[in-house]
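This report concerns only the one structure given below.
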Amino acid sequence: MALIEHKRLISKDSKVGWFAYDTEFVDCLNDGITIYRKSNENYFTDDGYTTFNLDCFVPSWREDGTVNKICKRYGCKMKGERKELQAPHDSQLIQAILAIYAWIEFKED
């Protein structure tokens with residue numbers, strides 16, 4: 001199975017600003033996972049969606065340390081004010097996102 005199902009261009013002021021990559025994978029809300037890459041950047045990002053879901057389902061995730069371990073395992077980082085997941089390669093980002101969503105789903109309260 002290919003990681004990327006569909007690629008979309010998101011333009012701003014008649015210029016390509018972002019590339020959106022839709023996957024066949026689903027998040028904890030059963031929505032399709034989309035990752036993004038700014039046209040002038042060399043990294044992929046989830047645009048903060050994973051952090052949003054973590055805040056909703058595991059509010060103590062920052063203190064837990066599991067997300068940091070997952071990021072380290074797959075070569076990702078949480079960056080920026082919104083703590084968006086970033087990785088140099090699409091496969092790294094998708095693996096980290098899937099691991100985090102599996103953790104959310106199977107985490108015991």
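In the structure tokens, chains take the letters A, B, ... in the order shown, each chain's residues start at 1, and ligands count up from 1 in the order shown.
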
Find the spatial neighbours of range 100-109 of chain A, counting only C-alpha atoms, within a cut-off of 8 Å - ignore same-chain residues fewer than 2 positions away - and output them as a ChimeraX atom specification. /A:27-28,50,54,57-58,67,70,96-98

Residues of range 15-85 of chain A in helix (DSSP H, G or I) according to DSSP, as a PyMOL selection string? chain A and resi 49-57+61-64+66-74

Surrounding residues of Thr51 in chain A excluding itself and chain neighbours under 5 positions, 8 Å, only C-alpha atoms, as an MDAnalysis selection string: chainID A and resid 82:85

Taken to one decimal, the CA of Trp18 in chain A-CA of Thr66 in chain A distance is 29.6 Å

Near Gln86 in chain A, within 7 Å and counting only C-alpha atoms, which residues show up once chain neighbours fewer than 3 positions away are dropped, as a list of chain:residue names?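 Those residues are A:Tyr43, A:Phe44, A:Thr45, A:Asp46, A:Cys76, A:Lys77, A:Met78, A:Lys79, A:Leu93.
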
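Shortest separation to Tyr74 in chain A among A:Thr23, A:Asn30, A:Ser60, A:Gln95 occurs at residue A:Gln95, atoms counted being only C-alpha atoms.
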
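Rounded to one decimal, CA of Pro88 in chain A and CA of Arg37 in chain A lie 9.9 Å from each other.
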
May I ask for the distance between CA of Lys7 in chain A and CA of Gly32 in chain A, given in Å to one decimal place? 13.2 Å

Write out as a ChimeraX atom specification the set of residues from chain A that DSSP, computed on the backbone, places in strand (DSSP E). /A:6-12,15-26,32-38,44-45,77-79,84-87

Contacts of Ile10 in chain A at 12 Å or less, counting only C-alpha atoms, minus same-chain residues fewer than 5 places along, as a compact mmCIF listing (two decimals) with N, CA and C atoms, in the first residue's frame?
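Output saved as around06.txt:
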# COMPACT_ATOMS: atom_id res chain seq x y z
N LYS A 15 0.20 31.44 -5.91
CA LYS A 15 1.43 30.65 -5.81
C LYS A 15 1.15 29.43 -4.96
N VAL A 16 1.85 28.35 -5.25
CA VAL A 16 1.70 27.15 -4.44
C VAL A 16 2.31 27.41 -3.07
N GLY A 17 1.51 27.34 -2.04
CA GLY A 17 1.98 27.58 -0.69
C GLY A 17 2.25 26.29 0.07
N TRP A 18 1.38 25.31 -0.13
CA TRP A 18 1.47 24.05 0.58
C TRP A 18 1.15 22.90 -0.36
N PHE A 19 1.71 21.75 -0.04
CA PHE A 19 1.30 20.50 -0.64
C PHE A 19 0.61 19.71 0.47
N ALA A 20 -0.57 19.22 0.21
CA ALA A 20 -1.30 18.39 1.16
C ALA A 20 -1.29 16.96 0.64
N TYR A 21 -0.91 16.03 1.49
CA TYR A 21 -0.83 14.63 1.11
C TYR A 21 -1.85 13.85 1.93
N TYR A 36 1.37 17.65 5.50
CA TYR A 36 1.59 18.84 4.68
C TYR A 36 3.09 19.12 4.52
N ARG A 37 3.40 19.81 3.43
CA ARG A 37 4.75 20.32 3.23
C ARG A 37 4.64 21.68 2.58
N LYS A 38 5.24 22.68 3.22
CA LYS A 38 5.29 24.01 2.64
C LYS A 38 6.19 23.96 1.41
N SER A 39 5.84 24.68 0.38
CA SER A 39 6.57 24.58 -0.88
C SER A 39 8.05 24.95 -0.75

Restricting the calculation to only C-alpha atoms: of A:Asp55, A:Ala99, A:Asp47, A:Ile35, which residue gets closest to Asn68 in chain A?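 For Asn68 in chain A, the nearest of the candidates is A:Ala99.
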